[in-house]
Amino acid sequence: MIRCAVTVCLVPEARQGPFVFHGDLAEGCRRAAAHGFDGIEIFPADADDLDGMEVRSLLREHGLRLAAMGTGAGWLRRRLSLTDPDPHERMRARDFVAAVVDFAGGFGAPAIIGSMQGRVPEGHDREEVLGWLREGLDQLGPRANALEVPLLYEPLNRYETNLFNTVDEALAFLGTLRTQNVRLLLDLFHMNIEENDIAGAIRRAGRHAGHVHFADTNRNAIGMGHLDVAPIAAALDAIGYEGWVSAEVRPRPDGETAAAATITSFRKWFRSEPPTLPC
Ligand code: LER
Ligand code: MN
């Protein structure tokens, strides 16, 4: 069964970012539960900033699950990335992600490698940089596996990375890893920019799909842009997707409205009969 999550951002520097609720985990949980979400996706400043007991008791109190946890604050606040040319910085980046993998894994949830993948810096050899990314994922994937969760790798649009922008590119790269434990995070906002056919890309991702960022074309809540959701919902159904769709969207016009719109769309597309499309 597909479940719906909403993002809660705990990083003041990401106030302008695509997150529905900001600043206060307890309040985020309260509002997520009030809207009927099944879980939350946390964007923490650092895994060490989180109190595991507090997170556990908030989730229990509100009947929520942890869907996933972002690592982007490592890039945003410290400029860490898995593809930094400096080996010491790469190690710091891996340590940052590893702490999130461990924390989230304790809740049965995966960590997300989005911005922390970095990019091929100007003047550097692409294959060498891909080797650094491969090394990072090959260390972090087994670590997540030990906690029985996947590691999520997210292809981003061209304005955020020059590593991999499409599902096909990312899938080919994942096939070169030693670890089999990296799944794709399909962010519909990025896919709208980069894919020729979002539904087709989802079908090709198949069993490698591990998480979905449920966002409309303008990165507002689904239903507040012009994404054609029907073929996307049908594609997720066709691949037997059983993961989360998580609202990583801008709080426009405010978080409450974005949350309400997300839940309305989620119920329309995933809690009624799957859409039948002409062949
Ligand atoms: C992270 O999930 C993401 O989608 C990136 O655009 C980072 O902002
Ligand atoms: Mn995303």
# chains A, B, ... in the order shown; residues from 1 in each chain; ligands from 1
>>> residues_near_ligand(ligand="ligand 1", cutoff="7 Å", atoms="only C-alpha atoms and all ligand atoms", output="PyMOL selection string")
chain A and resi 17+70+72+114-115+154+156+160+187+248
>>> residues_near_ligand(ligand="ligand 2", cutoff="10 Å", atoms="only C-alpha atoms and all ligand atoms", output="PyMOL selection string")
chain A and resi 18-19+70+72+112-115+153-157+185-191+211-215+219+246-249
>>> residues_around(residues="Asp46 in chain A", least_positions_apart="3", cutoff="8 Å", atoms="only C-alpha atoms", output="PyMOL selection string")
chain A and resi 49-50+71+73-74+96+100
>>> residues_around(residues="Asp216 in chain A", least_positions_apart="5", cutoff="8 Å", atoms="only C-alpha atoms", output="list of chain:residue names")
A:Leu188, A:Phe189, A:Ala221, A:Ile222, A:Gly223, A:Met224, A:Gly225, A:His226, A:Leu227, A:Val249
>>> closest_residue(among="A:Arg94, A:His208, A:Arg271, A:Arg77", to="Val167 in chain A", atoms="only C-alpha atoms")
A:His208
>>> select_by_dssp(residues="range 82-114 of chain A", states="helix (DSSP H, G or I)", output="JSON, numbers by chain")
{"A": [87, 88, 89, 90, 91, 92, 93, 94, 95, 96, 97, 98, 99, 100, 101, 102, 103, 104, 105]}
>>> write_last_selection(atoms="N, CA and C atoms", output="PDB file, in the first residue's frame")
ATOM      1  N   PRO A  87      39.779  14.423  -0.412  1.00  0.00           N
ATOM      2  CA  PRO A  87      39.373  13.152   0.221  1.00  0.00           C
ATOM      3  C   PRO A  87      38.915  13.323   1.668  1.00  0.00           C
ATOM      4  N   HIS A  88      39.501  14.278   2.373  1.00  0.00           N
ATOM      5  CA  HIS A  88      39.101  14.496   3.762  1.00  0.00           C
ATOM      6  C   HIS A  88      37.660  15.027   3.816  1.00  0.00           C
ATOM      7  N   GLU A  89      37.327  15.925   2.891  1.00  0.00           N
ATOM      8  CA  GLU A  89      35.952  16.455   2.829  1.00  0.00           C
ATOM      9  C   GLU A  89      34.967  15.351   2.443  1.00  0.00           C
ATOM     10  N   ARG A  90      35.383  14.482   1.538  1.00  0.00           N
ATOM     11  CA  ARG A  90      34.499  13.364   1.158  1.00  0.00           C
ATOM     12  C   ARG A  90      34.231  12.465   2.361  1.00  0.00           C
ATOM     13  N   MET A  91      35.276  12.282   3.153  1.00  0.00           N
ATOM     14  CA  MET A  91      35.097  11.451   4.345  1.00  0.00           C
ATOM     15  C   MET A  91      34.127  12.127   5.327  1.00  0.00           C
ATOM     16  N   ARG A  92      34.263  13.444   5.476  1.00  0.00           N
ATOM     17  CA  ARG A  92      33.335  14.164   6.372  1.00  0.00           C
ATOM     18  C   ARG A  92      31.903  14.046   5.836  1.00  0.00           C
ATOM     19  N   ALA A  93      31.766  14.123   4.517  1.00  0.00           N
ATOM     20  CA  ALA A  93      30.429  13.999   3.905  1.00  0.00           C
ATOM     21  C   ALA A  93      29.844  12.613   4.181  1.00  0.00           C
ATOM     22  N   ARG A  94      30.676  11.587   4.025  1.00  0.00           N
ATOM     23  CA  ARG A  94      30.195  10.214   4.282  1.00  0.00           C
ATOM     24  C   ARG A  94      29.809  10.047   5.744  1.00  0.00           C
ATOM     25  N   ASP A  95      30.605  10.639   6.632  1.00  0.00           N
ATOM     26  CA  ASP A  95      30.284  10.539   8.063  1.00  0.00           C
ATOM     27  C   ASP A  95      28.953  11.228   8.363  1.00  0.00           C
ATOM     28  N   PHE A  96      28.737  12.376   7.718  1.00  0.00           N
ATOM     29  CA  PHE A  96      27.487  13.112   7.941  1.00  0.00           C
ATOM     30  C   PHE A  96      26.298  12.256   7.497  1.00  0.00           C
ATOM     31  N   VAL A  97      26.410  11.690   6.291  1.00  0.00           N
ATOM     32  CA  VAL A  97      25.306  10.861   5.783  1.00  0.00           C
ATOM     33  C   VAL A  97      25.155   9.606   6.643  1.00  0.00           C
ATOM     34  N   ALA A  98      26.284   9.016   7.036  1.00  0.00           N
ATOM     35  CA  ALA A  98      26.234   7.765   7.819  1.00  0.00           C
ATOM     36  C   ALA A  98      25.444   7.978   9.113  1.00  0.00           C
ATOM     37  N   ALA A  99      25.626   9.145   9.740  1.00  0.00           N
ATOM     38  CA  ALA A  99      24.900   9.413  10.993  1.00  0.00           C
ATOM     39  C   ALA A  99      23.392   9.474  10.723  1.00  0.00           C
ATOM     40  N   VAL A 100      23.015  10.018   9.573  1.00  0.00           N
ATOM     41  CA  VAL A 100      21.588  10.068   9.226  1.00  0.00           C
ATOM     42  C   VAL A 100      21.072   8.665   8.887  1.00  0.00           C
ATOM     43  N   VAL A 101      21.890   7.899   8.168  1.00  0.00           N
ATOM     44  CA  VAL A 101      21.517   6.505   7.857  1.00  0.00           C
ATOM     45  C   VAL A 101      21.238   5.752   9.157  1.00  0.00           C
ATOM     46  N   ASP A 102      22.122   5.919  10.128  1.00  0.00           N
ATOM     47  CA  ASP A 102      21.983   5.186  11.396  1.00  0.00           C
ATOM     48  C   ASP A 102      20.738   5.634  12.157  1.00  0.00           C
ATOM     49  N   PHE A 103      20.539   6.955  12.213  1.00  0.00           N
ATOM     50  CA  PHE A 103      19.389   7.470  12.975  1.00  0.00           C
ATOM     51  C   PHE A 103      18.084   7.012  12.319  1.00  0.00           C
ATOM     52  N   ALA A 104      17.975   7.278  11.024  1.00  0.00           N
ATOM     53  CA  ALA A 104      16.727   6.937  10.323  1.00  0.00           C
ATOM     54  C   ALA A 104      16.517   5.421  10.320  1.00  0.00           C
ATOM     55  N   GLY A 105      17.630   4.679  10.140  1.00  0.00           N
ATOM     56  CA  GLY A 105      17.538   3.226  10.096  1.00  0.00           C
ATOM     57  C   GLY A 105      16.950   2.650  11.374  1.00  0.00           C
TER      58      GLY A 105
END
>>> residues_around(residues="Ala33 in chain A", least_positions_apart="4", cutoff="7 Å", atoms="only C-alpha atoms", output="list of chain:residue names")
A:Cys29, A:Phe37, A:His62, A:Leu64
>>> write_last_selection(atoms="N, CA, C and O atoms", output="compact mmCIF listing (two decimals), in the first residue's frame")
# COMPACT_ATOMS: atom_id res chain seq x y z
N CYS A 29 4.55 17.30 13.58
CA CYS A 29 3.88 16.01 13.78
C CYS A 29 2.39 16.22 14.05
O CYS A 29 1.53 15.50 13.51
N PHE A 37 -1.90 12.49 7.40
CA PHE A 37 -0.72 11.85 6.79
C PHE A 37 -0.37 10.58 7.55
O PHE A 37 -0.64 10.46 8.75
N HIS A 62 1.39 10.65 17.80
CA HIS A 62 0.55 11.11 16.69
C HIS A 62 0.23 10.00 15.68
O HIS A 62 -0.37 10.28 14.63
N LEU A 64 2.21 8.32 13.72
CA LEU A 64 2.92 8.54 12.46
C LEU A 64 4.11 7.61 12.35
O LEU A 64 4.60 7.09 13.36
>>> residues_around(residues="range 137-144 of chain A", least_positions_apart="5", cutoff="7 Å", atoms="only C-alpha atoms", output="PyMOL selection string")
chain A and resi 98+101+105+149-151+177-179+181-182
>>> atom_distance(atom1="CA of Met1 in chain A", atom2="CA of Val20 in chain A")
23.0 Å
>>> closest_residue(among="A:Leu76, A:Val120, A:Ala199, A:Ala235", to="Thr161 in chain A", atoms="only C-alpha atoms")
A:Val120
>>> closest_residue(among="A:Asp125, A:Asp84, A:Glu195, A:Asp237", to="Phe270 in chain A", atoms="only C-alpha atoms")
A:Asp237
>>> residues_around(residues="Glu122 in chain A", least_positions_apart="5", cutoff="12 Å", atoms="only C-alpha atoms", output="PDB file with C-alpha atoms, in the first residue's frame")
ATOM      1  CA  ASP A  84      34.341  16.821  -3.151  1.00  0.00           C
ATOM      2  CA  PRO A  85      37.833  16.628  -4.735  1.00  0.00           C
ATOM      3  CA  VAL A 129      34.271  11.998  -9.836  1.00  0.00           C
ATOM      4  CA  ASN A 162      25.607  17.521 -13.474  1.00  0.00           C
TER       5      ASN A 162
END
>>> select_by_dssp(residues="range 60-187 of chain A", states="strand (DSSP E or B)", output="CSV table (one decimal) with all heavy atoms, in the first residue's frame")
chain,number,residue,atom,x,y,z
A,65,ARG,N,4.6,7.5,11.1
A,65,ARG,CA,5.9,6.7,10.9
A,65,ARG,C,6.9,7.7,10.3
A,65,ARG,O,6.5,8.7,9.7
A,65,ARG,CB,5.6,5.5,10.0
A,65,ARG,CG,4.9,4.4,10.7
A,65,ARG,CD,4.5,3.3,9.8
A,65,ARG,NE,5.6,2.8,9.0
A,65,ARG,CZ,5.6,1.9,8.0
A,65,ARG,NH1,4.4,1.4,7.7
A,65,ARG,NH2,6.6,1.5,7.4
A,66,LEU,N,8.1,7.3,10.5
A,66,LEU,CA,9.2,8.1,9.8
A,66,LEU,C,9.3,7.5,8.4
A,66,LEU,O,9.6,6.3,8.2
A,66,LEU,CB,10.5,8.0,10.6
A,66,LEU,CG,11.6,8.9,10.0
A,66,LEU,CD1,11.3,10.4,10.0
A,66,LEU,CD2,12.9,8.6,10.7
A,67,ALA,N,9.1,8.4,7.4
A,67,ALA,CA,9.1,7.9,6.0
A,67,ALA,C,10.5,7.9,5.4
A,67,ALA,O,10.9,7.0,4.7
A,67,ALA,CB,8.2,8.8,5.1
A,68,ALA,N,11.3,8.9,5.8
A,68,ALA,CA,12.7,9.1,5.2
A,68,ALA,C,13.3,10.3,5.9
A,68,ALA,O,12.6,11.0,6.6
A,68,ALA,CB,12.7,9.3,3.7
A,69,MET,N,14.6,10.4,5.7
A,69,MET,CA,15.3,11.5,6.3
A,69,MET,C,16.3,12.1,5.3
A,69,MET,O,17.1,11.4,4.7
A,69,MET,CB,16.0,11.1,7.6
A,69,MET,CG,16.4,12.2,8.5
A,69,MET,SD,16.9,11.6,10.1
A,69,MET,CE,15.4,11.6,11.0
A,70,GLY,N,16.2,13.4,5.2
A,70,GLY,CA,17.1,14.1,4.2
A,70,GLY,C,18.5,14.3,4.8
A,70,GLY,O,18.7,14.4,6.0
A,111,ALA,N,17.7,7.0,4.5
A,111,ALA,CA,18.3,8.3,4.3
A,111,ALA,C,18.3,8.6,2.8
A,111,ALA,O,18.4,7.7,2.0
A,111,ALA,CB,19.7,8.4,4.9
A,112,ILE,N,18.3,9.9,2.5
A,112,ILE,CA,18.2,10.4,1.1
A,112,ILE,C,19.5,11.1,0.7
A,112,ILE,O,20.0,12.0,1.4
A,112,ILE,CB,17.1,11.4,1.0
A,112,ILE,CG1,15.7,10.8,1.3
A,112,ILE,CG2,17.1,12.0,-0.5
A,112,ILE,CD1,14.6,11.8,1.4
A,113,ILE,N,20.1,10.6,-0.4
A,113,ILE,CA,21.2,11.4,-0.9
A,113,ILE,C,20.7,12.2,-2.1
A,113,ILE,O,20.5,11.7,-3.2
A,113,ILE,CB,22.3,10.4,-1.5
A,113,ILE,CG1,22.6,9.4,-0.3
A,113,ILE,CG2,23.5,11.2,-2.0
A,113,ILE,CD1,24.0,9.3,0.1
A,151,LEU,N,19.2,2.6,0.9
A,151,LEU,CA,19.7,4.0,0.8
A,151,LEU,C,19.1,4.6,-0.5
A,151,LEU,O,19.0,3.9,-1.5
A,151,LEU,CB,21.3,3.9,0.6
A,151,LEU,CG,22.0,5.2,0.5
A,151,LEU,CD1,22.0,6.0,1.8
A,151,LEU,CD2,23.5,5.0,0.1
A,152,LEU,N,18.7,5.8,-0.4
A,152,LEU,CA,18.0,6.5,-1.5
A,152,LEU,C,18.9,7.4,-2.2
A,152,LEU,O,19.5,8.3,-1.6
A,152,LEU,CB,16.7,7.2,-1.0
A,152,LEU,CG,15.7,6.4,-0.3
A,152,LEU,CD1,14.6,7.2,0.3
A,152,LEU,CD2,15.1,5.3,-1.3
A,153,TYR,N,19.0,7.2,-3.5
A,153,TYR,CA,19.7,8.1,-4.4
A,153,TYR,C,18.8,8.9,-5.3
A,153,TYR,O,17.9,8.3,-6.0
A,153,TYR,CB,20.8,7.3,-5.3
A,153,TYR,CG,21.4,8.3,-6.3
A,153,TYR,CD1,22.4,9.2,-5.9
A,153,TYR,CD2,21.0,8.3,-7.6
A,153,TYR,CE1,23.0,10.0,-6.8
A,153,TYR,CE2,21.5,9.2,-8.5
A,153,TYR,CZ,22.5,10.0,-8.1
A,153,TYR,OH,23.0,10.9,-9.0
A,182,VAL,N,20.9,0.3,-3.1
A,182,VAL,CA,20.6,1.7,-3.3
A,182,VAL,C,19.3,1.8,-4.2
A,182,VAL,O,19.3,1.1,-5.3
A,182,VAL,CB,21.7,2.5,-4.0
A,182,VAL,CG1,21.4,3.9,-4.3
A,182,VAL,CG2,23.0,2.4,-3.2
A,183,ARG,N,18.3,2.5,-3.8
A,183,ARG,CA,17.1,2.6,-4.6
A,183,ARG,C,17.0,4.1,-5.0
A,183,ARG,O,17.5,5.0,-4.5
A,183,ARG,CB,15.9,2.3,-3.7
A,183,ARG,CG,15.8,0.9,-3.1
A,183,ARG,CD,15.2,-0.1,-4.1
A,183,ARG,NE,15.3,-1.4,-3.6
A,183,ARG,CZ,16.4,-2.2,-3.6
A,183,ARG,NH1,17.5,-1.7,-4.2
A,183,ARG,NH2,16.4,-3.4,-3.1
A,184,LEU,N,16.2,4.2,-6.1
A,184,LEU,CA,16.0,5.6,-6.6
A,184,LEU,C,14.9,6.3,-5.9
A,184,LEU,O,13.8,5.8,-5.6
A,184,LEU,CB,15.6,5.5,-8.1
A,184,LEU,CG,16.7,5.1,-9.1
A,184,LEU,CD1,16.1,5.1,-10.5
A,184,LEU,CD2,17.9,6.0,-9.0
A,185,LEU,N,15.2,7.6,-5.7
A,185,LEU,CA,14.1,8.5,-5.2
A,185,LEU,C,13.6,9.2,-6.5
A,185,LEU,O,14.4,9.9,-7.1
A,185,LEU,CB,14.7,9.5,-4.2
A,185,LEU,CG,13.6,10.3,-3.4
A,185,LEU,CD1,14.3,11.0,-2.2
A,185,LEU,CD2,12.9,11.3,-4.2
A,186,LEU,N,12.4,9.1,-6.7
A,186,LEU,CA,11.8,9.7,-7.9
A,186,LEU,C,11.1,11.0,-7.5
A,186,LEU,O,10.0,10.9,-6.9
A,186,LEU,CB,10.8,8.7,-8.6
A,186,LEU,CG,11.3,7.3,-8.9
A,186,LEU,CD1,10.2,6.4,-9.3
A,186,LEU,CD2,12.4,7.4,-10.0
A,187,ASP,N,11.7,12.1,-7.8
A,187,ASP,CA,11.1,13.4,-7.4
A,187,ASP,C,10.4,14.0,-8.6
A,187,ASP,O,11.1,14.3,-9.6
A,187,ASP,CB,12.3,14.3,-6.9
A,187,ASP,CG,11.7,15.7,-6.4
A,187,ASP,OD1,10.8,16.2,-7.1
A,187,ASP,OD2,12.3,16.2,-5.5
>>> atom_distance(atom1="CA of Ala234 in chain A", atom2="CA of Arg203 in chain A")
9.5 Å
